[in-house]
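Here the structure is laid out as structure tokens; the discussion comes afterwards.
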Amino acid sequence: MIGEKAIIQMIEFRQRQRPWLARLTDREPHPSNVPMFRLWQTPEYLVYLVEKELQALIAAGAEPARAVRILAETLSLGTEPDDGAGVVERLWKQHFPERAPDLLAILEDLRSIARSTLEPATFAYPPQAWLISEITLEALKSEMRGRLDRCQIFPTSEFDAQLQHFAIMSRLGGRVFGFSSPSDSWKYMMGRGGYALVQDGRSLAYIETIMN
């Protein structure tokens, strides 16, 4: 779910264009030599996050201005930025204040790279046939112990990224269903289960809570 390819391409571009930004330590390694979870803690990840979520919100039917507003509210950015670039700039100033001025010089290049790597949202997983009982969003929030109300900016796992995406997309409304893959998938150790946010027959987001 997390686009490491996009993050690596953005870091490579930044290292070529702005070598002085590479000084995280005495010498920043090439991103291919960095563990994935560390790539999820970079300024480039924030660009990827914003572009991915805006694309998903707009594909689900939100007007661009509303998509920006939803993202800003979910990420607790305070006053509403004008556009996606404003969201990224606000996040950089929060989390990388000493690097933000130089990063802004290549912001549009980084956004372009992120957009070029994103695949169109299909809203196809999980399939409708996998849906089981409906629950309320509040019940799901309780089961997730409040983690859907405390949107974590930097994920430490794919599960965190699923929670983050679910929290953002739930601002569009929809109904929450439990889901489980067919019985044969569990028999052959390929089972998946969890919760899906569904609107107009489409699964806008999901959280996988069990697999084998």
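Starting from 1 in every chain, residues are counted up; chains themselves are A, B, ... following the order of the structure tokens, and ligands are numbered from 1 as listed.
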For Pro31 of chain A: contacts at 8 Å, only C-alpha atoms, fewer than 5 positions along chain excluded, given as number ranges by chain = A: 8, 11-12, 39
Those residues with N, CA and C atoms, as a CSV table (one decimal), in the first residue's frame please?
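Saved to part-v5.csv:
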chain,number,residue,atom,x,y,z
A,8,ILE,N,11.5,6.5,-3.3
A,8,ILE,CA,12.9,6.3,-3.8
A,8,ILE,C,13.2,7.3,-4.9
A,11,ILE,N,13.6,10.8,-3.6
A,11,ILE,CA,14.8,11.0,-2.9
A,11,ILE,C,16.0,11.1,-3.9
A,12,GLU,N,16.0,10.2,-4.9
A,12,GLU,CA,17.0,10.2,-5.9
A,12,GLU,C,17.1,11.6,-6.6
A,39,LEU,N,12.3,5.0,5.1
A,39,LEU,CA,11.8,5.8,3.9
A,39,LEU,C,10.5,6.4,4.3
Closest atom pairs, residues of segment 140-200 of chain A within 9 Å of segment 65-86 of chain A, only C-alpha atoms, as CSV:
residue,atom,partner,partner_atom,distance
A:Asp149,CA,A:Thr74,CA,8.5
A:Arg150,CA,A:Thr74,CA,8.8
A:Cys151,CA,A:Leu75,CA,6.5
A:Gln152,CA,A:Leu75,CA,8.1
A:Ile153,CA,A:Leu75,CA,7.2
A:Gln164,CA,A:Thr74,CA,9.0
A:Ala167,CA,A:Thr74,CA,7.3
A:Ile168,CA,A:Thr74,CA,6.0
A:Met169,CA,A:Ile70,CA,8.6
A:Arg171,CA,A:Ile70,CA,6.7
A:Leu172,CA,A:Ile70,CA,8.4
Would you save the residues from that selection as a PDB file, in the first residue's frame, using all heavy atoms?
ATOM      1  N   ASP A 149      -8.975   7.974  15.320  1.00  0.00           N
ATOM      2  CA  ASP A 149      -9.132   9.383  15.685  1.00  0.00           C
ATOM      3  C   ASP A 149      -7.795  10.081  15.850  1.00  0.00           C
ATOM      4  O   ASP A 149      -7.737  11.308  15.885  1.00  0.00           O
ATOM      5  CB  ASP A 149      -9.926   9.512  16.998  1.00  0.00           C
ATOM      6  CG  ASP A 149     -11.379   9.108  16.832  1.00  0.00           C
ATOM      7  OD1 ASP A 149     -11.975   9.478  15.803  1.00  0.00           O
ATOM      8  OD2 ASP A 149     -11.903   8.411  17.715  1.00  0.00           O
ATOM      9  N   ARG A 150      -6.723   9.311  15.965  1.00  0.00           N
ATOM     10  CA  ARG A 150      -5.386   9.882  16.098  1.00  0.00           C
ATOM     11  C   ARG A 150      -4.588   9.480  14.856  1.00  0.00           C
ATOM     12  O   ARG A 150      -3.803   8.547  14.875  1.00  0.00           O
ATOM     13  CB  ARG A 150      -4.694   9.357  17.361  1.00  0.00           C
ATOM     14  CG  ARG A 150      -5.434   9.648  18.648  1.00  0.00           C
ATOM     15  CD  ARG A 150      -4.608   9.248  19.871  1.00  0.00           C
ATOM     16  NE  ARG A 150      -4.231   7.843  19.843  1.00  0.00           N
ATOM     17  CZ  ARG A 150      -4.981   6.860  20.322  1.00  0.00           C
ATOM     18  NH1 ARG A 150      -6.166   7.118  20.840  1.00  0.00           N
ATOM     19  NH2 ARG A 150      -4.569   5.604  20.276  1.00  0.00           N
ATOM     20  N   CYS A 151      -4.839  10.182  13.779  1.00  0.00           N
ATOM     21  CA  CYS A 151      -4.241   9.823  12.490  1.00  0.00           C
ATOM     22  C   CYS A 151      -2.719   9.980  12.561  1.00  0.00           C
ATOM     23  O   CYS A 151      -2.203  11.080  12.734  1.00  0.00           O
ATOM     24  CB  CYS A 151      -4.816  10.693  11.387  1.00  0.00           C
ATOM     25  SG  CYS A 151      -4.511  10.052   9.739  1.00  0.00           S
ATOM     26  N   GLN A 152      -2.005   8.876  12.431  1.00  0.00           N
ATOM     27  CA  GLN A 152      -0.550   8.875  12.530  1.00  0.00           C
ATOM     28  C   GLN A 152       0.056   9.316  11.206  1.00  0.00           C
ATOM     29  O   GLN A 152      -0.190   8.707  10.165  1.00  0.00           O
ATOM     30  CB  GLN A 152      -0.064   7.469  12.896  1.00  0.00           C
ATOM     31  CG  GLN A 152       1.423   7.366  13.146  1.00  0.00           C
ATOM     32  CD  GLN A 152       1.785   6.016  13.731  1.00  0.00           C
ATOM     33  OE1 GLN A 152       0.964   5.353  14.355  1.00  0.00           O
ATOM     34  NE2 GLN A 152       3.028   5.594  13.520  1.00  0.00           N
ATOM     35  N   ILE A 153       0.834  10.398  11.235  1.00  0.00           N
ATOM     36  CA  ILE A 153       1.395  10.932   9.993  1.00  0.00           C
ATOM     37  C   ILE A 153       2.383   9.961   9.370  1.00  0.00           C
ATOM     38  O   ILE A 153       2.301   9.622   8.190  1.00  0.00           O
ATOM     39  CB  ILE A 153       2.079  12.294  10.242  1.00  0.00           C
ATOM     40  CG1 ILE A 153       1.077  13.313  10.801  1.00  0.00           C
ATOM     41  CG2 ILE A 153       2.709  12.808   8.948  1.00  0.00           C
ATOM     42  CD1 ILE A 153       0.010  13.730   9.841  1.00  0.00           C
ATOM     43  N   GLN A 164      -4.611   5.020   8.476  1.00  0.00           N
ATOM     44  CA  GLN A 164      -4.527   6.413   8.040  1.00  0.00           C
ATOM     45  C   GLN A 164      -5.448   6.659   6.843  1.00  0.00           C
ATOM     46  O   GLN A 164      -6.227   7.625   6.815  1.00  0.00           O
ATOM     47  CB  GLN A 164      -3.076   6.725   7.669  1.00  0.00           C
ATOM     48  CG  GLN A 164      -2.796   8.146   7.229  1.00  0.00           C
ATOM     49  CD  GLN A 164      -1.361   8.253   6.729  1.00  0.00           C
ATOM     50  OE1 GLN A 164      -1.033   7.744   5.663  1.00  0.00           O
ATOM     51  NE2 GLN A 164      -0.510   8.901   7.501  1.00  0.00           N
ATOM     52  N   ALA A 167      -9.151   6.467   7.850  1.00  0.00           N
ATOM     53  CA  ALA A 167      -9.591   7.664   8.573  1.00  0.00           C
ATOM     54  C   ALA A 167      -9.865   8.806   7.611  1.00  0.00           C
ATOM     55  O   ALA A 167     -10.843   9.548   7.773  1.00  0.00           O
ATOM     56  CB  ALA A 167      -8.536   8.067   9.599  1.00  0.00           C
ATOM     57  N   ILE A 168      -9.023   8.957   6.604  1.00  0.00           N
ATOM     58  CA  ILE A 168      -9.206  10.039   5.627  1.00  0.00           C
ATOM     59  C   ILE A 168     -10.445   9.801   4.787  1.00  0.00           C
ATOM     60  O   ILE A 168     -11.302  10.683   4.632  1.00  0.00           O
ATOM     61  CB  ILE A 168      -7.947  10.173   4.752  1.00  0.00           C
ATOM     62  CG1 ILE A 168      -6.776  10.705   5.587  1.00  0.00           C
ATOM     63  CG2 ILE A 168      -8.211  11.100   3.555  1.00  0.00           C
ATOM     64  CD1 ILE A 168      -5.424  10.588   4.913  1.00  0.00           C
ATOM     65  N   MET A 169     -10.583   8.601   4.239  1.00  0.00           N
ATOM     66  CA  MET A 169     -11.701   8.314   3.345  1.00  0.00           C
ATOM     67  C   MET A 169     -13.039   8.294   4.078  1.00  0.00           C
ATOM     68  O   MET A 169     -14.081   8.560   3.475  1.00  0.00           O
ATOM     69  CB  MET A 169     -11.469   6.983   2.629  1.00  0.00           C
ATOM     70  CG  MET A 169     -10.239   6.955   1.737  1.00  0.00           C
ATOM     71  SD  MET A 169     -10.235   8.209   0.431  1.00  0.00           S
ATOM     72  CE  MET A 169     -11.482   7.531  -0.676  1.00  0.00           C
ATOM     73  N   ARG A 171     -14.169  10.394   5.949  1.00  0.00           N
ATOM     74  CA  ARG A 171     -14.747  11.747   5.940  1.00  0.00           C
ATOM     75  C   ARG A 171     -15.751  11.916   4.795  1.00  0.00           C
ATOM     76  O   ARG A 171     -16.525  12.871   4.796  1.00  0.00           O
ATOM     77  CB  ARG A 171     -13.646  12.795   5.809  1.00  0.00           C
ATOM     78  CG  ARG A 171     -12.631  12.829   6.955  1.00  0.00           C
ATOM     79  CD  ARG A 171     -13.280  13.290   8.245  1.00  0.00           C
ATOM     80  NE  ARG A 171     -12.325  13.431   9.325  1.00  0.00           N
ATOM     81  CZ  ARG A 171     -11.926  14.590   9.833  1.00  0.00           C
ATOM     82  NH1 ARG A 171     -12.423  15.721   9.357  1.00  0.00           N
ATOM     83  NH2 ARG A 171     -11.050  14.625  10.817  1.00  0.00           N
ATOM     84  N   LEU A 172     -15.731  11.002   3.827  1.00  0.00           N
ATOM     85  CA  LEU A 172     -16.694  11.058   2.728  1.00  0.00           C
ATOM     86  C   LEU A 172     -18.008  10.373   3.080  1.00  0.00           C
ATOM     87  O   LEU A 172     -18.947  10.384   2.280  1.00  0.00           O
ATOM     88  CB  LEU A 172     -16.104  10.395   1.469  1.00  0.00           C
ATOM     89  CG  LEU A 172     -14.892  11.073   0.841  1.00  0.00           C
ATOM     90  CD1 LEU A 172     -14.390  10.246  -0.338  1.00  0.00           C
ATOM     91  CD2 LEU A 172     -15.237  12.484   0.388  1.00  0.00           C
TER      92      LEU A 172
END
task = Have a look at atom CA of Leu103 of chain A and atom CA of Phe154 of chain A and let me know their distance in Å, one decimal.
result = 18.3 Å
request  = Give the helix (DSSP H, G or I) residues of segment 10-212 of chain A, as DSSP finds them on the backbone, and put them as a ChimeraX atom specification.
outcome  = /A:10-17,19-22,31-33,36-39,43-59,64-74,84-95,100-104,107-117,128-130,137-143,158-172,183-187
request  = Could you check which of A:Arg147, A:Lys52, A:His30, A:Arg202 is closest to Tyr125 of chain A, using only C-alpha atoms?
outcome  =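 Closest to Tyr125 of chain A, using only C-alpha atoms: A:Arg202.
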Would you give me, as a Markdown table, each residue of segment 67-153 of chain A having an atom within 8 Å of an atom of segment 178-195 of chain A, along with its shortest atom pair and that distance in Å to one decimal, using only C-alpha atoms and sorting by chain and residue number?
| residue | atom | partner | partner_atom | distance |
| --- | --- | --- | --- | --- |
| A:Pro126 | CA | A:Phe179 | CA | 7.4 |
| A:Trp130 | CA | A:Phe179 | CA | 5.2 |
| A:Leu131 | CA | A:Phe179 | CA | 4.3 |
| A:Ile132 | CA | A:Phe179 | CA | 5.3 |
| A:Ser133 | CA | A:Gly178 | CA | 5.6 |
| A:Glu134 | CA | A:Gly178 | CA | 6.3 |
| A:Ile135 | CA | A:Gly178 | CA | 7.4 |
Selection file, C-alpha atoms, as a CSV table (one decimal), in the first residue's frame:
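Result saved to out35.csv:
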chain,number,residue,atom,x,y,z
A,126,PRO,CA,-12.3,-6.3,-0.8
A,130,TRP,CA,-16.6,-10.9,0.9
A,131,LEU,CA,-18.7,-8.4,2.9
A,132,ILE,CA,-20.4,-9.8,6.0
A,133,SER,CA,-22.1,-8.0,8.9
A,134,GLU,CA,-22.3,-4.2,9.1
A,135,ILE,CA,-21.1,-2.2,12.1
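Here the question is which of A:Gly173, A:Ala60, A:Gln162, A:Arg111 gets nearest to Phe13 of chain A using only C-alpha atoms, and that residue is A:Arg111.
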key: Atom-to-atom span, atom CA of Glu28 of chain A and atom CA of Leu107 of chain A, Å   =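 These two atoms are separated by 19.7 Å.
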note = Counting only C-alpha atoms, the residue among A:His165, A:Arg99, A:Arg38, A:Arg16 that lies closest to Ile207 of chain A is A:His165
inquiry  = Please compute the atom CA of Ser157 of chain A-atom CA of Gly201 of chain A distance, one decimal, in Å.
reply    =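 If I compute the distance from atom CA of Ser157 of chain A to atom CA of Gly201 of chain A, I get 28.2 Å.
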key: For Arg145 of chain A: contacts at 12 Å, only C-alpha atoms, fewer than 6 positions along chain excluded, given as number ranges by chain   = A: 138-139, 163
inquiry  = Given only C-alpha atoms as the basis, pick out the residue of A:Ser203, A:Thr42, A:Ser116, A:Gln15 nearest to Ala129 of chain A.
reply    = A:Ser203
